[in-house]
Each structure stands twice: as C-alpha cells, then as structure tokens.
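One file, structure04.pdb, carrying PDB, C-alpha atoms:
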```
ATOM      1  CA  MET A1189       0.762 -59.945 -23.342
ATOM      2  CA  THR A1190       0.162 -57.510 -20.478
ATOM      3  CA  ALA A1191       0.289 -59.070 -17.001
ATOM      4  CA  THR A1192      -1.393 -56.941 -14.336
ATOM      5  CA  THR A1193      -3.006 -57.188 -10.923
ATOM      6  CA  ILE A1194      -6.572 -56.530 -12.123
ATOM      7  CA  ARG A1195      -9.125 -57.876  -9.638
ATOM      8  CA  GLU A1196     -12.885 -58.251  -9.518
ATOM      9  CA  ASP A1197     -13.162 -55.049  -7.489
ATOM     10  CA  THR A1198     -10.688 -52.992  -9.555
ATOM     11  CA  THR A1199     -13.334 -50.907 -11.290
ATOM     12  CA  ALA A1200     -15.304 -50.309  -8.090
ATOM     13  CA  ARG A1201     -12.190 -49.131  -6.270
ATOM     14  CA  HIS A1202     -11.203 -46.898  -9.173
ATOM     15  CA  VAL A1203     -14.611 -45.279  -9.448
ATOM     16  CA  SER A1204     -14.719 -44.682  -5.687
ATOM     17  CA  LYS A1205     -11.443 -42.786  -5.980
ATOM     18  CA  TYR A1206     -13.225 -40.107  -8.012
ATOM     19  CA  ASP A1207     -16.602 -40.260  -6.265
ATOM     20  CA  ASN A1208     -15.127 -39.883  -2.779
ATOM     21  CA  PRO A1209     -16.718 -36.684  -1.381
ATOM     22  CA  ASN A1210     -14.091 -36.151   1.315
ATOM     23  CA  PRO A1211     -12.794 -32.584   0.772
ATOM     24  CA  VAL A1212      -9.207 -33.489   1.712
ATOM     25  CA  HIS A1213      -9.254 -36.393  -0.726
ATOM     26  CA  GLN A1214     -10.613 -34.162  -3.489
ATOM     27  CA  PHE A1215      -8.057 -31.452  -2.697
ATOM     28  CA  VAL A1216      -5.158 -33.906  -2.969
ATOM     29  CA  LEU A1217      -6.526 -35.427  -6.180
ATOM     30  CA  GLY A1218      -7.137 -31.938  -7.549
ATOM     31  CA  ARG A1219      -3.512 -30.911  -7.000
ATOM     32  CA  PHE A1220      -2.377 -33.965  -8.930
ATOM     33  CA  TYR A1221      -4.626 -33.218 -11.900
ATOM     34  CA  ASN A1222      -3.695 -29.538 -11.805
ATOM     35  CA  ALA A1223      -0.087 -30.608 -12.332
ATOM     36  CA  VAL A1224      -1.083 -32.936 -15.188
ATOM     37  CA  ALA A1225      -3.113 -30.140 -16.789
ATOM     38  CA  ASP A1226      -0.204 -27.708 -16.490
ATOM     39  CA  PHE A1227       2.035 -30.148 -18.324
ATOM     40  CA  LEU A1228      -0.519 -30.763 -21.079
ATOM     41  CA  ARG A1229      -1.000 -27.026 -21.600
ATOM     42  CA  GLU A1230       2.748 -26.475 -21.774
ATOM     43  CA  SER A1231       3.448 -29.371 -24.136
ATOM     44  CA  ALA A1232       0.220 -29.042 -26.204
ATOM     45  CA  PRO A1233       0.487 -32.480 -27.844
ATOM     46  CA  THR A1234      -1.607 -33.122 -30.933
ATOM     47  CA  SER A1235      -1.646 -36.905 -30.462
ATOM     48  CA  VAL A1236      -1.773 -38.728 -27.134
ATOM     49  CA  LEU A1237      -1.698 -42.405 -26.203
ATOM     50  CA  ASP A1238      -3.079 -43.038 -22.712
ATOM     51  CA  PHE A1239      -1.963 -46.485 -21.538
ATOM     52  CA  GLY A1240      -4.308 -47.768 -18.835
ATOM     53  CA  CYS A1241      -6.990 -45.169 -19.547
ATOM     54  CA  GLY A1242      -9.632 -46.851 -17.381
ATOM     55  CA  GLU A1243     -12.980 -45.126 -17.312
ATOM     56  CA  GLY A1244     -11.617 -42.023 -19.029
ATOM     57  CA  PHE A1245     -11.617 -39.904 -15.886
ATOM     58  CA  ILE A1246      -8.621 -37.981 -17.249
ATOM     59  CA  ILE A1247     -10.979 -36.506 -19.874
ATOM     60  CA  ASP A1248     -13.387 -35.386 -17.136
ATOM     61  CA  GLN A1249     -10.616 -33.930 -15.003
ATOM     62  CA  MET A1250      -9.096 -31.970 -17.872
ATOM     63  CA  ALA A1251     -12.533 -30.691 -18.955
ATOM     64  CA  LYS A1252     -12.996 -29.281 -15.436
ATOM     65  CA  ARG A1253      -9.822 -27.329 -16.125
ATOM     66  CA  ASN A1254     -11.024 -26.112 -19.545
ATOM     67  CA  LEU A1255      -8.575 -28.366 -21.347
ATOM     68  CA  THR A1256      -9.199 -30.745 -24.238
ATOM     69  CA  ILE A1257      -6.756 -33.541 -25.027
ATOM     70  CA  ASP A1258      -6.316 -33.498 -28.799
ATOM     71  CA  GLY A1259      -5.772 -36.714 -30.744
ATOM     72  CA  TYR A1260      -6.552 -38.871 -27.726
ATOM     73  CA  THR A1261      -6.368 -42.685 -27.844
ATOM     74  CA  GLY A1262      -6.903 -44.715 -24.685
ATOM     75  CA  LEU A1263      -6.031 -48.366 -24.089
ATOM     76  CA  ASP A1264      -7.212 -50.566 -21.248
ATOM     77  CA  LEU A1265      -7.735 -54.265 -20.596
ATOM     78  CA  ARG A1266     -10.959 -53.778 -18.614
ATOM     79  CA  SER A1267     -13.953 -53.888 -20.934
ATOM     80  CA  ASP A1268     -16.305 -52.497 -18.271
ATOM     81  CA  ALA A1269     -14.028 -49.483 -17.817
ATOM     82  CA  VAL A1270     -13.810 -48.853 -21.567
ATOM     83  CA  ASN A1271     -17.587 -49.170 -21.905
ATOM     84  CA  ALA A1272     -18.022 -46.646 -19.090
ATOM     85  CA  ALA A1273     -15.652 -44.220 -20.839
ATOM     86  CA  ARG A1274     -17.512 -44.602 -24.119
ATOM     87  CA  GLY A1275     -20.850 -44.115 -22.375
ATOM     88  CA  ARG A1276     -19.783 -40.812 -20.841
ATOM     89  CA  HIS A1277     -17.809 -39.653 -23.886
ATOM     90  CA  PRO A1278     -19.386 -40.963 -27.110
ATOM     91  CA  GLY A1279     -16.896 -40.922 -29.937
ATOM     92  CA  LEU A1280     -13.876 -41.043 -27.629
ATOM     93  CA  ASP A1281     -11.203 -43.364 -29.034
ATOM     94  CA  VAL A1282     -10.868 -45.822 -26.163
ATOM     95  CA  ARG A1283     -10.172 -49.485 -26.776
ATOM     96  CA  VAL A1284      -9.951 -52.808 -25.017
ATOM     97  CA  GLN A1285      -6.490 -53.545 -26.304
ATOM     98  CA  ASP A1286      -3.155 -54.849 -25.099
ATOM     99  CA  LEU A1287      -0.243 -52.437 -25.301
ATOM    100  CA  PHE A1288       1.740 -54.962 -27.328
ATOM    101  CA  ASP A1289      -0.990 -55.237 -29.963
ATOM    102  CA  ASP A1290      -0.197 -52.871 -32.846
ATOM    103  CA  THR A1291      -3.724 -52.965 -34.296
ATOM    104  CA  GLY A1292      -4.876 -49.449 -35.133
ATOM    105  CA  LEU A1293      -2.055 -47.720 -33.300
ATOM    106  CA  GLU A1294      -0.033 -44.937 -34.851
ATOM    107  CA  PRO A1295       3.724 -45.498 -35.262
ATOM    108  CA  LYS A1296       4.337 -42.579 -32.912
ATOM    109  CA  TYR A1297       2.335 -40.337 -30.586
ATOM    110  CA  GLU A1298       3.618 -36.936 -29.553
ATOM    111  CA  LEU A1299       2.864 -37.872 -25.951
ATOM    112  CA  VAL A1300       2.529 -41.264 -24.292
ATOM    113  CA  MET A1301       0.957 -41.246 -20.828
ATOM    114  CA  ALA A1302       0.764 -43.910 -18.134
ATOM    115  CA  LEU A1303      -0.961 -42.328 -15.146
ATOM    116  CA  GLU A1304      -1.003 -44.507 -12.026
ATOM    117  CA  VAL A1305      -0.444 -47.668 -14.070
ATOM    118  CA  LEU A1306       3.131 -48.904 -13.725
ATOM    119  CA  GLU A1307       2.718 -49.785 -10.051
ATOM    120  CA  HIS A1308       0.139 -52.396 -11.124
ATOM    121  CA  LEU A1309       2.282 -54.182 -13.705
ATOM    122  CA  ILE A1310       4.129 -57.424 -13.281
ATOM    123  CA  GLU A1311       7.650 -56.836 -14.637
ATOM    124  CA  PRO A1312       7.168 -53.134 -15.498
ATOM    125  CA  GLU A1313      10.556 -53.157 -17.213
ATOM    126  CA  ARG A1314       8.924 -55.130 -20.046
ATOM    127  CA  PHE A1315       6.580 -52.229 -20.785
ATOM    128  CA  MET A1316       8.969 -49.309 -20.773
ATOM    129  CA  PRO A1317      10.653 -50.062 -24.138
ATOM    130  CA  ARG A1318       7.218 -50.368 -25.722
ATOM    131  CA  LEU A1319       6.018 -47.073 -24.241
ATOM    132  CA  VAL A1320       9.213 -45.336 -25.363
ATOM    133  CA  SER A1321       8.922 -46.794 -28.869
ATOM    134  CA  LEU A1322       5.444 -45.273 -29.233
ATOM    135  CA  ALA A1323       6.462 -41.845 -27.925
ATOM    136  CA  GLY A1324       7.452 -39.411 -30.633
ATOM    137  CA  GLU A1325       8.442 -36.608 -28.290
ATOM    138  CA  ARG A1326       7.641 -37.107 -24.601
ATOM    139  CA  LEU A1327       6.346 -39.411 -21.918
ATOM    140  CA  LEU A1328       4.284 -38.492 -18.874
ATOM    141  CA  LEU A1329       4.483 -41.147 -16.175
ATOM    142  CA  THR A1330       3.015 -41.049 -12.680
ATOM    143  CA  VAL A1331       3.112 -43.491  -9.778
ATOM    144  CA  PRO A1332       2.295 -43.354  -6.064
ATOM    145  CA  HIS A1333       5.040 -41.744  -3.998
ATOM    146  CA  GLU A1334       5.983 -44.295  -1.382
ATOM    147  CA  PRO A1335       5.921 -44.637   1.534
ATOM    148  CA  TRP A1336       3.660 -41.562   1.684
ATOM    149  CA  PHE A1337       0.871 -43.054  -0.419
ATOM    150  CA  GLN A1338       0.714 -46.134   1.775
ATOM    151  CA  LEU A1339       0.903 -44.083   4.970
ATOM    152  CA  SER A1340      -1.898 -41.814   3.774
ATOM    153  CA  ASN A1341      -4.049 -44.899   3.267
ATOM    154  CA  LEU A1342      -3.270 -46.007   6.810
ATOM    155  CA  VAL A1343      -4.289 -42.626   8.194
ATOM    156  CA  ARG A1344      -7.590 -42.899   6.321
ATOM    157  CA  GLY A1345      -8.153 -46.432   7.598
ATOM    158  CA  ARG A1346      -7.852 -48.042   4.170
ATOM    159  CA  ASP A1347      -6.273 -51.439   3.489
ATOM    160  CA  LEU A1348      -5.316 -51.806   7.128
ATOM    161  CA  ILE A1349      -4.635 -55.531   6.836
ATOM    162  CA  ARG A1350      -1.935 -54.667   4.268
ATOM    163  CA  LEU A1351      -0.610 -51.730   6.335
ATOM    164  CA  GLY A1352      -2.089 -49.280   3.878
ATOM    165  CA  ASN A1353      -0.725 -50.893   0.726
ATOM    166  CA  HIS A1354      -3.236 -50.968  -2.117
ATOM    167  CA  PRO A1355      -3.914 -54.639  -3.018
ATOM    168  CA  GLU A1356      -2.933 -54.046  -6.659
ATOM    169  CA  HIS A1357       0.265 -52.112  -6.025
ATOM    170  CA  ILE A1358       3.175 -54.488  -6.491
ATOM    171  CA  ASN A1359       5.813 -51.906  -7.437
ATOM    172  CA  HIS A1360       6.843 -49.162  -5.025
ATOM    173  CA  TRP A1361       8.884 -46.095  -5.919
ATOM    174  CA  ASN A1362       9.847 -42.658  -4.639
ATOM    175  CA  THR A1363      11.105 -39.776  -6.768
ATOM    176  CA  LYS A1364      14.705 -41.015  -6.768
ATOM    177  CA  THR A1365      14.045 -44.686  -7.421
ATOM    178  CA  PHE A1366      11.418 -44.010 -10.075
ATOM    179  CA  ALA A1367      13.715 -41.629 -11.940
ATOM    180  CA  SER A1368      16.440 -44.271 -11.770
ATOM    181  CA  PHE A1369      14.065 -46.906 -13.135
ATOM    182  CA  VAL A1370      12.896 -44.768 -16.058
ATOM    183  CA  SER A1371      16.400 -43.539 -16.890
ATOM    184  CA  ASP A1372      17.311 -47.033 -18.055
ATOM    185  CA  PHE A1373      14.872 -46.567 -20.953
ATOM    186  CA  ALA A1374      14.499 -42.836 -21.630
ATOM    187  CA  GLU A1375      16.035 -39.460 -20.851
ATOM    188  CA  VAL A1376      14.391 -38.189 -17.674
ATOM    189  CA  GLU A1377      13.417 -34.572 -18.123
ATOM    190  CA  SER A1378      11.821 -33.786 -14.763
ATOM    191  CA  VAL A1379      10.600 -35.594 -11.680
ATOM    192  CA  ARG A1380       8.732 -34.184  -8.719
ATOM    193  CA  SER A1381       6.412 -35.110  -5.912
ATOM    194  CA  VAL A1382       2.839 -33.865  -5.812
ATOM    195  CA  PHE A1383       1.794 -35.563  -2.586
ATOM    196  CA  PRO A1384       1.223 -38.477  -2.612
ATOM    197  CA  PHE A1385       2.218 -38.992  -6.255
ATOM    198  CA  VAL A1386       5.389 -38.882  -8.334
ATOM    199  CA  ILE A1387       5.088 -37.078 -11.671
ATOM    200  CA  LEU A1388       7.862 -37.686 -14.191
ATOM    201  CA  THR A1389       8.403 -36.473 -17.747
ATOM    202  CA  ALA A1390      10.914 -38.023 -20.119
ATOM    203  CA  ARG A1391      12.009 -37.974 -23.746
ATOM    204  CA  PRO A1392      12.926 -40.930 -25.946
ATOM    205  CA  ARG A1393      16.636 -41.183 -26.601
TER     206      ARG A1393
END
```
Would you write the structure of this file as structure tokens?
Amino acid sequence: MTATTIREDTTARHVSKYDNPNPVHQFVLGRFYNAVADFLRESAPTSVLDFGCGEGFIIDQMAKRNLTIDGYTGLDLRSDAVNAARGRHPGLDVRVQDLFDDTGLEPKYELVMALEVLEHLIEPERFMPRLVSLAGERLLLTVPHEPWFQLSNLVRGRDLIRLGNHPEHINHWNTKTFASFVSDFAEVESVRSVFPFVILTARPR
C-alpha cells in the first residue's frame, strides 16, 4: 500500500502551482515542461504509465507544446484530482489506484513516469522496484533540486515557517544524490538540473 504525505490542501496547492500568474513562476515551470516534452518527442513511447498523475496537468502542458502522449495511463490516490483530470479530458485513462495494485495494468509500459512524486513518498525505496518492473524500456523521474527548490520558496515568501520546505516534501535530493539513489534499482541514463528540478532518465537492468 502506498504511504504518502497527502494532506487536505494537497489539491489546492497543486492547482495553484499551475494557475500562478507570476511570469517568473510560469517561465521556470515552462522550462521544466519543455525538457519533459523534448524527452517524450525523442523517445516517442507508445505506452506510458504516469505514477502520481494528479489532475492530468501533464496532458495540458504537452498539448501546449503540440505533443500527444500515446497510450497514456495515469494513477493517483486522490479521487478529486482524478475526477478533475477526467472532467477536463473525457476518455483519458486515469484511475484512483495504488501502484501496487495490478488491476488493469499492462505487464510493461514503454515508459514509466513519476514527475514530482518521489519526494512525497514514505520509504521511496519501496516504490522503485515496482516502477522498474513496469518499465519496458525507460523511466522518466523528476524531483525538486535541493536546496535550490527550498531556497526559491523562501525568496517567494512561501512556507516560511518551514524555511521554504514544502510541507509534503520528506525526501530531498540533488543531481548527485538522486542519481545514486536510482542507480540502486536501474541503469541511470542521464541526469540534469533544470532549475529548480532534477530530471533523470533510466533503463531497467
């Protein structure tokens, strides 16, 4: 069973991340999704499992970049987020489902994604073997790049009582430590910083 740091305000905070009109915020978020789009164009997967899909904003962001994610399946534990994704994208295969529940999942997906998810998970090392087992060819994993993510929150006046640390972020990595963490489970292909995020690709061994 997935153990996370989901809170009552999780959805509100997540939605505000995309609705924030601040041009600097949108520029930084745009650079991140440009990098994700570049990877998806290059790899052109025909089946994708998106672990922690939330409200399906990845679909919106890729559509803005004239990119469709083929064979998309999204999993999330938040029913309100899944309902929001279905409302905006009727017919999208998004489910309220635990990662460890095999119901309706394919044996393998060409690409398994976990975008800004692993930092929220209690004992993330429990999830990596499962993600790798579902990945037929590649994994795309992203996390906040610390301490820069936390410092950027401080500069913006967010989460000041926690010195800029998001209340749901219980795991903290940089490019080196995240690559080291993932390498225990898969062959790291590339890792880079797109401020303030780490973007890593890997292949199952």
The PyMOL selection byres ((chain A and resi 1370-1377) around 8) applied to the shown file, residues as number ranges by chain: A: 1316-1317, 1320, 1366-1369, 1378-1379, 1388-1393
Selection file, C-alpha atoms, as a CSV table (one decimal), keeping the file's coordinate frame:
```csv
chain,number,residue,atom,x,y,z
A,1316,MET,CA,9.0,-49.3,-20.8
A,1317,PRO,CA,10.7,-50.1,-24.1
A,1320,VAL,CA,9.2,-45.3,-25.4
A,1366,PHE,CA,11.4,-44.0,-10.1
A,1367,ALA,CA,13.7,-41.6,-11.9
A,1368,SER,CA,16.4,-44.3,-11.8
A,1369,PHE,CA,14.1,-46.9,-13.1
A,1378,SER,CA,11.8,-33.8,-14.8
A,1379,VAL,CA,10.6,-35.6,-11.7
A,1388,LEU,CA,7.9,-37.7,-14.2
A,1389,THR,CA,8.4,-36.5,-17.7
A,1390,ALA,CA,10.9,-38.0,-20.1
A,1391,ARG,CA,12.0,-38.0,-23.7
A,1392,PRO,CA,12.9,-40.9,-25.9
A,1393,ARG,CA,16.6,-41.2,-26.6
```
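Between Met1301 (chain A) and the residues A:Ile1387, A:Ala1223, A:Leu1327, A:Leu1287, the shortest atom-to-atom distance, using all atoms listed in the file, involves A:Leu1327.
When only C-alpha atoms are used to compute distances to His1357 (chain A), the closest of the residues A:Lys1252, A:Arg1219, A:Arg1274, A:His1333 turns out to be A:His1333.
Picked by the PyMOL selection byres ((chain A and resi 1288) around 12) from the coordinates shown: Met1189, Thr1190, Ala1191, Phe1239, Leu1263, Asp1264, Leu1265, Gln1285, Asp1286, Leu1287, Asp1289, Asp1290, Thr1291, Gly1292, Leu1293, Arg1314, Phe1315, Met1316, Pro1317, Arg1318, Leu1319, Ser1321 and Leu1322 of chain A.
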Chain and number of each residue from the PyMOL selection byres ((chain A and resi 1335) around 10), as a ChimeraX atom specification: /A:1332-1334,1336-1340,1352-1353,1360-1362,1384
Region 1275-1304 of chain A residues near region 1242-1250 of chain A within 10 Å, closest pair each, using only C-alpha atoms, as a tab-separated table:
```
residue	atom	partner	partner_atom	distance
A:Gly1275	CA	A:Glu1243	CA	9.4
A:Arg1276	CA	A:Gly1244	CA	8.5
A:His1277	CA	A:Gly1244	CA	8.2
A:Leu1280	CA	A:Gly1244	CA	8.9
A:Val1282	CA	A:Gly1244	CA	8.1
A:Arg1283	CA	A:Gly1242	CA	9.8
A:Val1284	CA	A:Gly1242	CA	9.7
A:Leu1303	CA	A:Ile1246	CA	9.1
```
Point (-9.0, -35.9, -30.1) neighbourhood (9 Å, all atoms listed in the file) written as a ChimeraX atom specification: /A:1234-1236,1256-1261,1280-1281
Atom completion result for region 1262-1275 of chain A (N, CA, C and O atoms) as a tab-separated table (two decimals), keeping the file's coordinate frame:
```
chain	number	residue	atom	x	y	z
A	1262	GLY	N	-7.07	-44.06	-25.97
A	1262	GLY	CA	-6.90	-44.72	-24.68
A	1262	GLY	C	-6.96	-46.22	-24.82
A	1262	GLY	O	-7.78	-46.76	-25.56
A	1263	LEU	N	-6.05	-46.91	-24.10
A	1263	LEU	CA	-6.03	-48.37	-24.09
A	1263	LEU	C	-6.24	-48.87	-22.67
A	1263	LEU	O	-5.68	-48.32	-21.72
A	1264	ASP	N	-7.04	-49.92	-22.54
A	1264	ASP	CA	-7.21	-50.57	-21.25
A	1264	ASP	C	-7.64	-52.01	-21.47
A	1264	ASP	O	-8.23	-52.33	-22.51
A	1265	LEU	N	-7.34	-52.86	-20.50
A	1265	LEU	CA	-7.74	-54.26	-20.60
A	1265	LEU	C	-9.11	-54.54	-20.01
A	1265	LEU	O	-9.68	-55.61	-20.23
A	1266	ARG	N	-9.66	-53.57	-19.27
A	1266	ARG	CA	-10.96	-53.78	-18.61
A	1266	ARG	C	-12.09	-53.31	-19.53
A	1266	ARG	O	-12.27	-52.11	-19.74
A	1267	SER	N	-12.87	-54.24	-20.02
A	1267	SER	CA	-13.95	-53.89	-20.93
A	1267	SER	C	-15.02	-53.05	-20.25
A	1267	SER	O	-15.60	-52.14	-20.87
A	1268	ASP	N	-15.29	-53.30	-18.96
A	1268	ASP	CA	-16.30	-52.50	-18.27
A	1268	ASP	C	-15.86	-51.05	-18.13
A	1268	ASP	O	-16.66	-50.12	-18.26
A	1269	ALA	N	-14.55	-50.84	-17.92
A	1269	ALA	CA	-14.03	-49.48	-17.82
A	1269	ALA	C	-14.12	-48.77	-19.16
A	1269	ALA	O	-14.53	-47.60	-19.23
A	1270	VAL	N	-13.75	-49.45	-20.23
A	1270	VAL	CA	-13.81	-48.85	-21.57
A	1270	VAL	C	-15.25	-48.54	-21.95
A	1270	VAL	O	-15.55	-47.46	-22.50
A	1271	ASN	N	-16.17	-49.43	-21.62
A	1271	ASN	CA	-17.59	-49.17	-21.90
A	1271	ASN	C	-18.09	-47.96	-21.13
A	1271	ASN	O	-18.89	-47.16	-21.65
A	1272	ALA	N	-17.62	-47.80	-19.89
A	1272	ALA	CA	-18.02	-46.65	-19.09
A	1272	ALA	C	-17.49	-45.36	-19.72
A	1272	ALA	O	-18.19	-44.34	-19.77
A	1273	ALA	N	-16.25	-45.40	-20.19
A	1273	ALA	CA	-15.65	-44.22	-20.84
A	1273	ALA	C	-16.42	-43.86	-22.10
A	1273	ALA	O	-16.71	-42.68	-22.35
A	1274	ARG	N	-16.76	-44.86	-22.89
A	1274	ARG	CA	-17.51	-44.60	-24.12
A	1274	ARG	C	-18.91	-44.07	-23.82
A	1274	ARG	O	-19.44	-43.22	-24.54
A	1275	GLY	N	-19.51	-44.57	-22.73
A	1275	GLY	CA	-20.85	-44.12	-22.38
A	1275	GLY	C	-20.87	-42.66	-21.97
A	1275	GLY	O	-21.82	-41.93	-22.29
```
